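Student: target-v5.cif is reproduced below (mmCIF, C-alpha atoms).
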data_model
loop_
_atom_site.label_atom_id
_atom_site.label_comp_id
_atom_site.auth_asym_id
_atom_site.auth_seq_id
_atom_site.Cartn_x
_atom_site.Cartn_y
_atom_site.Cartn_z
CA MET A 539 26.38 -21.24 -6.75
CA SER A 540 22.69 -21.86 -7.44
CA VAL A 541 20.32 -19.17 -8.69
CA ILE A 542 18.36 -19.33 -5.42
CA SER A 543 21.52 -18.84 -3.35
CA TRP A 544 22.54 -15.92 -5.54
CA LEU A 545 19.11 -14.30 -5.22
CA SER A 546 19.13 -14.82 -1.45
CA GLY A 547 22.57 -13.25 -1.15
CA SER A 548 21.55 -10.35 -3.36
CA PHE A 549 18.45 -9.75 -1.26
CA HIS A 550 20.47 -9.72 1.98
CA ALA A 551 22.85 -7.23 0.38
CA LEU A 552 19.92 -5.07 -0.73
CA VAL A 553 18.45 -5.02 2.78
CA ALA A 554 21.81 -4.12 4.30
CA TRP A 555 22.20 -1.33 1.75
CA LEU A 556 18.72 -0.01 2.53
CA VAL A 557 19.46 0.09 6.26
CA ASN A 558 22.53 2.17 5.46
CA VAL A 559 20.57 4.39 3.05
CA VAL A 560 17.81 5.07 5.56
CA GLY A 561 20.39 5.70 8.25
CA SER A 562 22.38 8.13 6.09
CA LEU A 563 19.56 9.92 4.25
CA GLY A 564 17.26 9.93 7.26
CA TYR A 565 13.66 10.97 6.92
CA PRO A 566 13.87 12.30 3.34
CA GLY A 567 15.18 8.86 2.38
CA ILE A 568 12.08 7.24 3.86
CA VAL A 569 9.79 9.61 1.96
CA GLY A 570 11.65 9.00 -1.30
CA LEU A 571 11.75 5.22 -1.00
CA MET A 572 8.10 5.02 0.06
CA PHE A 573 7.19 7.22 -2.91
CA LEU A 574 8.76 4.58 -5.14
CA GLU A 575 6.97 1.80 -3.25
CA SER A 576 3.57 3.45 -3.57
CA SER A 577 3.95 4.24 -7.27
CA PHE A 578 4.16 1.51 -9.90
CA PHE A 579 7.88 0.88 -9.32
CA PRO A 580 8.41 -2.64 -7.86
CA PHE A 581 9.94 -1.51 -4.57
CA PRO A 582 8.46 -3.19 -1.45
CA SER A 583 7.79 -1.20 1.70
CA GLU A 584 8.79 -4.29 3.69
CA VAL A 585 12.44 -3.48 3.07
CA VAL A 586 12.13 0.23 3.84
CA ILE A 587 10.07 0.86 6.97
CA PRO A 588 11.12 -2.05 9.26
CA PRO A 589 14.82 -1.07 9.06
CA ALA A 590 13.78 2.48 9.99
CA GLY A 591 11.78 1.09 12.91
CA TYR A 592 14.83 -0.90 13.95
CA LEU A 593 16.98 2.22 13.85
CA ALA A 594 14.33 4.02 15.92
CA SER A 595 14.61 1.34 18.61
CA LYS A 596 18.32 2.11 18.82
CA GLY A 597 17.68 5.83 19.22
CA ALA A 598 18.92 6.73 15.74
CA MET A 599 15.47 7.86 14.53
CA ASN A 600 12.14 8.96 15.96
CA PRO A 601 9.43 6.28 15.49
CA PHE A 602 6.65 8.87 15.10
CA ALA A 603 8.63 10.72 12.45
CA VAL A 604 9.25 7.41 10.67
CA VAL A 605 5.48 6.80 10.52
CA VAL A 606 4.73 10.33 9.31
CA CYS A 607 7.39 10.14 6.59
CA GLY A 608 6.23 6.69 5.55
CA ILE A 609 2.64 7.87 5.15
CA ALA A 610 3.78 11.01 3.32
CA GLY A 611 5.81 8.99 0.84
CA SER A 612 2.92 6.56 0.32
CA LEU A 613 0.52 9.42 -0.41
CA LEU A 614 2.92 11.08 -2.84
CA GLY A 615 3.37 7.83 -4.75
CA ALA A 616 -0.38 7.23 -4.77
CA TYR A 617 -0.99 10.74 -6.15
CA PHE A 618 1.62 10.07 -8.84
CA ASN A 619 -0.26 6.98 -10.05
CA TYR A 620 -3.63 8.67 -9.64
CA TYR A 621 -2.76 11.65 -11.83
CA ILE A 622 -1.09 9.49 -14.47
CA ALA A 623 -4.36 7.54 -14.74
CA VAL A 624 -6.42 10.74 -14.76
CA LYS A 625 -4.35 12.36 -17.50
CA TRP A 626 -3.67 9.43 -19.82
CA GLY A 627 -5.63 6.42 -18.56
CA ARG A 628 -9.02 6.96 -20.18
CA LYS A 629 -7.50 8.25 -23.41
CA PHE A 630 -5.35 5.13 -23.60
CA PHE A 631 -8.22 2.70 -23.05
CA GLU A 632 -10.57 4.59 -25.36
CA ARG A 633 -7.99 4.19 -28.10
CA PHE A 634 -6.50 0.76 -27.33
CA GLY A 635 -9.05 -0.72 -24.92
CA LYS A 636 -10.42 -3.15 -27.50
CA TYR A 637 -7.07 -4.93 -27.48
CA PHE A 638 -7.41 -5.43 -23.71
CA PHE A 639 -11.14 -6.26 -23.84
CA VAL A 640 -11.96 -2.96 -22.13
CA SER A 641 -14.94 -1.17 -23.68
CA PRO A 642 -16.12 2.42 -23.07
CA SER A 643 -19.07 1.00 -21.12
CA ALA A 644 -16.65 -0.90 -18.87
CA LEU A 645 -14.87 2.38 -18.14
CA ASP A 646 -18.19 3.98 -17.24
CA LYS A 647 -19.00 1.08 -14.93
CA ALA A 648 -15.59 1.36 -13.26
CA GLU A 649 -16.16 5.07 -12.70
CA ALA A 650 -19.59 4.39 -11.19
CA PHE A 651 -18.15 1.62 -9.01
CA PHE A 652 -15.44 3.84 -7.53
CA ALA A 653 -17.97 6.60 -7.01
CA ARG A 654 -20.00 4.23 -4.80
CA HIS A 655 -17.37 1.88 -3.39
CA GLY A 656 -14.03 3.61 -3.88
CA HIS A 657 -13.54 4.17 -0.16
CA ILE A 658 -13.68 0.50 0.86
CA SER A 659 -11.73 -0.59 -2.23
CA THR A 660 -8.92 1.90 -1.67
CA PHE A 661 -8.68 1.28 2.08
CA THR A 662 -8.54 -2.52 1.92
CA ALA A 663 -6.21 -2.56 -1.09
CA ARG A 664 -3.62 -0.51 0.81
CA LEU A 665 -3.44 -3.31 3.40
CA LEU A 666 -2.80 -6.11 0.91
CA PRO A 667 0.44 -7.04 -0.86
CA VAL A 668 0.98 -6.43 -4.58
CA ILE A 669 -2.30 -4.57 -5.20
CA ARG A 670 -1.52 -1.78 -2.71
CA GLN A 671 0.80 -0.16 -5.26
CA TYR A 672 -1.68 -0.31 -8.11
CA VAL A 673 -5.12 0.54 -6.67
CA SER A 674 -4.41 4.21 -7.35
CA LEU A 675 -4.48 3.54 -11.09
CA PRO A 676 -8.13 2.38 -11.35
CA ALA A 677 -9.07 5.05 -8.81
CA GLY A 678 -7.56 7.71 -11.05
CA LEU A 679 -9.01 6.11 -14.16
CA ALA A 680 -12.46 6.31 -12.57
CA ARG A 681 -11.70 9.84 -11.32
CA MET A 682 -12.53 8.90 -7.74
CA ASN A 683 -13.20 11.90 -5.49
CA LEU A 684 -9.74 13.16 -4.53
CA VAL A 685 -10.63 13.95 -0.91
CA LYS A 686 -12.01 10.46 -0.34
CA PHE A 687 -9.06 8.96 -2.18
CA SER A 688 -6.63 10.86 0.05
CA VAL A 689 -8.42 9.98 3.30
CA TYR A 690 -8.73 6.25 2.65
CA THR A 691 -5.29 5.97 1.09
CA GLY A 692 -3.86 7.71 4.15
CA LEU A 693 -5.78 5.45 6.55
CA GLY A 694 -4.76 2.23 4.82
CA SER A 695 -1.17 3.33 4.34
CA GLY A 696 -1.02 4.59 7.91
CA ILE A 697 -2.04 1.23 9.36
CA TRP A 698 0.48 -0.58 7.18
CA VAL A 699 3.33 1.81 7.97
CA ILE A 700 2.59 1.64 11.72
CA ILE A 701 2.66 -2.17 11.58
CA LEU A 702 5.99 -2.21 9.72
CA THR A 703 7.51 0.40 12.04
CA ALA A 704 6.36 -1.49 15.13
CA LEU A 705 7.75 -4.73 13.74
CA GLY A 706 11.17 -3.20 13.13
CA TYR A 707 11.09 -1.51 16.53
CA TRP A 708 10.22 -4.83 18.16
CA LEU A 709 13.24 -6.46 16.49
CA GLY A 710 15.45 -3.86 18.10
CA LEU A 711 13.88 -4.39 21.50
CA MET A 712 14.56 -8.12 21.21
CA GLY A 713 18.22 -7.30 21.55
CA GLU A 714 19.22 -7.97 17.96
CA THR A 715 22.64 -6.42 17.41
CA LYS A 716 21.92 -6.07 13.71
CA TYR A 717 18.79 -5.96 11.58
CA ASN A 718 17.54 -9.55 11.09
CA GLU A 719 15.28 -9.71 8.04
CA GLU A 720 14.57 -13.43 8.51
CA VAL A 721 12.93 -12.85 11.89
CA MET A 722 11.12 -9.83 10.48
CA TYR A 723 9.66 -11.75 7.54
CA SER A 724 8.56 -14.57 9.80
CA GLY A 725 6.47 -12.12 11.83
CA LEU A 726 5.35 -10.22 8.74
CA HIS A 727 3.98 -13.39 7.13
CA ARG A 728 1.59 -13.94 10.03
CA ILE A 729 0.60 -10.27 10.06
CA THR A 730 -0.14 -10.32 6.31
CA LEU A 731 -2.39 -13.35 6.72
CA ALA A 732 -4.22 -11.63 9.58
CA LEU A 733 -4.71 -8.50 7.45
CA ALA A 734 -6.04 -10.60 4.57
CA VAL A 735 -8.61 -12.19 6.90
CA PHE A 736 -9.50 -8.76 8.29
CA CYS A 737 -10.01 -7.30 4.79
CA ALA A 738 -12.12 -10.28 3.72
CA ALA A 739 -14.33 -9.90 6.79
CA LEU A 740 -14.58 -6.13 6.26
CA ILE A 741 -15.57 -6.52 2.61
CA ALA A 742 -18.11 -9.24 3.48
CA GLY A 743 -19.63 -6.98 6.14
CA TYR A 744 -19.71 -4.07 3.70
CA VAL A 745 -21.45 -6.15 1.01
CA PHE A 746 -23.97 -7.39 3.59
CA PHE A 747 -24.66 -3.80 4.67
CA CYS A 748 -25.11 -2.63 1.06
CA VAL A 749 -27.49 -5.48 0.25
CA ARG A 750 -29.63 -4.75 3.32
CA ARG A 751 -29.64 -1.04 2.59
CA ASN A 752 -30.69 -1.58 -1.03
CA ARG A 753 -33.50 -3.90 0.05
CA ALA A 754 -34.69 -1.33 2.58
CA LEU A 755 -34.66 1.38 -0.07
CA LYS A 756 -36.67 -0.78 -2.46
CA LYS A 757 -39.26 -1.43 0.26
CA ASP A 758 -39.56 2.29 0.97
CA VAL A 759 -40.05 3.05 -2.72
CA SER A 760 -42.68 0.32 -3.14
#
Show me this structure written as structure tokens.

Tutor:
Amino acid sequence: MSVISWLSGSFHALVAWLVNVVGSLGYPGIVGLMFLESSFFPFPSEVVIPPAGYLASKGAMNPFAVVVCGIAGSLLGAYFNYYIAVKWGRKFFERFGKYFFVSPSALDKAEAFFARHGHISTFTARLLPVIRQYVSLPAGLARMNLVKFSVYTGLGSGIWVIILTALGYWLGLMGETKYNEEVMYSGLHRITLALAVFCAALIAGYVFFCVRRNRALKKDVS
């Protein structure tokens, strides 16, 4: 058996196990697994929420409760990372930052950046793979306003959780007798690309707005 075949079989077994876990633990299981996904543990939401959405399509769960629990778990995990960075992040980089080419002035710049642009950074990052789990760390390191952090983390996570729930629900409506992760990932790939384009356009529009605003302010001052 090749390594790829073994990994593929292991992944299918993991997905099947997660469907059983979500089905047996119910909503607390969703919150707990999404907490892990949103913290720095490498646990993808793509294998948590769609199975719950699938179960909702079969009447085993409530889709609205799935979304609420998914967002709650995401926020808890984000707070976990945020407070770790607040408590130990700056101390760590002030002591060892030179080994990572991070100077005290760079920390000050990061704090100023998140003070001005933390909302757009946090929101878009929650919609993108890989970085969605880790954006809470620089936000906490820069001590981003907690209310803003919560609002934009909740918005970004909410959109992502709704998409994943709807995708799993759609699989159930297609008449699948069991959860089919291959079909799910085919649809999720296209959705991820669309979200990446959306985030790029949003960031470009935001930069354009900031540039125009700064120019207008300079004209008013002069």

Student: Can you tell me which residues surround Met722 (chain A) at a distance of at most 10 Å, considering all atoms listed in the file, apart from same-chain residues fewer than 3 positions away, and format the answer as an NGL selection string?

Tutor: :A and (584-585 or 588-589 or 702 or 705-706 or 708-709 or 717-719 or 725-727)

Student: What would the file look like if the residues just selected were written as an mmCIF file, in the frame of the given file with C-alpha atoms?

Tutor:
data_model
loop_
_atom_site.group_PDB
_atom_site.id
_atom_site.type_symbol
_atom_site.label_atom_id
_atom_site.label_comp_id
_atom_site.auth_asym_id
_atom_site.auth_seq_id
_atom_site.Cartn_x
_atom_site.Cartn_y
_atom_site.Cartn_z
ATOM 1 C CA GLU A 584 8.790 -4.290 3.690
ATOM 2 C CA VAL A 585 12.440 -3.480 3.070
ATOM 3 C CA PRO A 588 11.120 -2.050 9.260
ATOM 4 C CA PRO A 589 14.820 -1.070 9.060
ATOM 5 C CA LEU A 702 5.990 -2.210 9.720
ATOM 6 C CA LEU A 705 7.750 -4.730 13.740
ATOM 7 C CA GLY A 706 11.170 -3.200 13.130
ATOM 8 C CA TRP A 708 10.220 -4.830 18.160
ATOM 9 C CA LEU A 709 13.240 -6.460 16.490
ATOM 10 C CA TYR A 717 18.790 -5.960 11.580
ATOM 11 C CA ASN A 718 17.540 -9.550 11.090
ATOM 12 C CA GLU A 719 15.280 -9.710 8.040
ATOM 13 C CA GLY A 725 6.470 -12.120 11.830
ATOM 14 C CA LEU A 726 5.350 -10.220 8.740
ATOM 15 C CA HIS A 727 3.980 -13.390 7.130
#

Student: Where does the PyMOL selection byres ((chain A and resi 596) around 10) land in this file, that is, which residues does it pick, as a ChimeraX atom specification?

Tutor: /A:590-595,597-600,707,710-711,713,715

Student: Step by step, work through what the PyMOL selection byres ((chain A and resi 673) around 10) selects in the shown file, and finish by giving those residues as a PDB file with C-alpha atoms, in the frame of the given file.

Tutor:
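Dumped to expr.pdb:
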ATOM      1  CA  SER A 576       3.570   3.450  -3.570  1.00  0.00           C
ATOM      2  CA  SER A 577       3.950   4.240  -7.270  1.00  0.00           C
ATOM      3  CA  PHE A 578       4.160   1.510  -9.900  1.00  0.00           C
ATOM      4  CA  ALA A 616      -0.380   7.230  -4.770  1.00  0.00           C
ATOM      5  CA  ASN A 619      -0.260   6.980 -10.050  1.00  0.00           C
ATOM      6  CA  TYR A 620      -3.630   8.670  -9.640  1.00  0.00           C
ATOM      7  CA  GLY A 656     -14.030   3.610  -3.880  1.00  0.00           C
ATOM      8  CA  SER A 659     -11.730  -0.590  -2.230  1.00  0.00           C
ATOM      9  CA  THR A 660      -8.920   1.900  -1.670  1.00  0.00           C
ATOM     10  CA  PHE A 661      -8.680   1.280   2.080  1.00  0.00           C
ATOM     11  CA  THR A 662      -8.540  -2.520   1.920  1.00  0.00           C
ATOM     12  CA  ALA A 663      -6.210  -2.560  -1.090  1.00  0.00           C
ATOM     13  CA  ARG A 664      -3.620  -0.510   0.810  1.00  0.00           C
ATOM     14  CA  VAL A 668       0.980  -6.430  -4.580  1.00  0.00           C
ATOM     15  CA  ILE A 669      -2.300  -4.570  -5.200  1.00  0.00           C
ATOM     16  CA  ARG A 670      -1.520  -1.780  -2.710  1.00  0.00           C
ATOM     17  CA  GLN A 671       0.800  -0.160  -5.260  1.00  0.00           C
ATOM     18  CA  TYR A 672      -1.680  -0.310  -8.110  1.00  0.00           C
ATOM     19  CA  SER A 674      -4.410   4.210  -7.350  1.00  0.00           C
ATOM     20  CA  LEU A 675      -4.480   3.540 -11.090  1.00  0.00           C
ATOM     21  CA  PRO A 676      -8.130   2.380 -11.350  1.00  0.00           C
ATOM     22  CA  ALA A 677      -9.070   5.050  -8.810  1.00  0.00           C
ATOM     23  CA  GLY A 678      -7.560   7.710 -11.050  1.00  0.00           C
ATOM     24  CA  THR A 691      -5.290   5.970   1.090  1.00  0.00           C
TER      25      THR A 691
END

Student: Grab the CA of Ala603 (chain A) to CA of Leu731 (chain A) distance for me, in Å with one decimal place.

Tutor: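 Taking CA of Ala603 (chain A) as the start and CA of Leu731 (chain A) as the end point, the length is 27.1 Å.
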
Student: Report, in Å with one decimal, the straight-line distance from CA of Met682 (chain A) to CA of Val604 (chain A).

Tutor: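 Straight-line distance from CA of Met682 (chain A) to CA of Val604 (chain A) works out to 28.6 Å.
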
Student: Excluding Ala680 (chain A) and any residue of its chain fewer than 6 positions from it, enumerate the residues within 10 Å of it, using only C-alpha atoms, and give them as a list in words.

Tutor: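 Residues near the query, excluding close chain neighbours: Tyr620, Ala623, Val624, Gly627, Arg628, Leu645, Asp646, Lys647, Ala648, Glu649, Ala650, Phe651, Phe652, Ala653, Gly656 and Ser674 of chain A.
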
Student: Quick check, in Å to one decimal: how far apart do CA of Val699 (chain A) and CA of Gly608 (chain A) lie?

Tutor: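 Those two atoms sit 6.2 Å apart.
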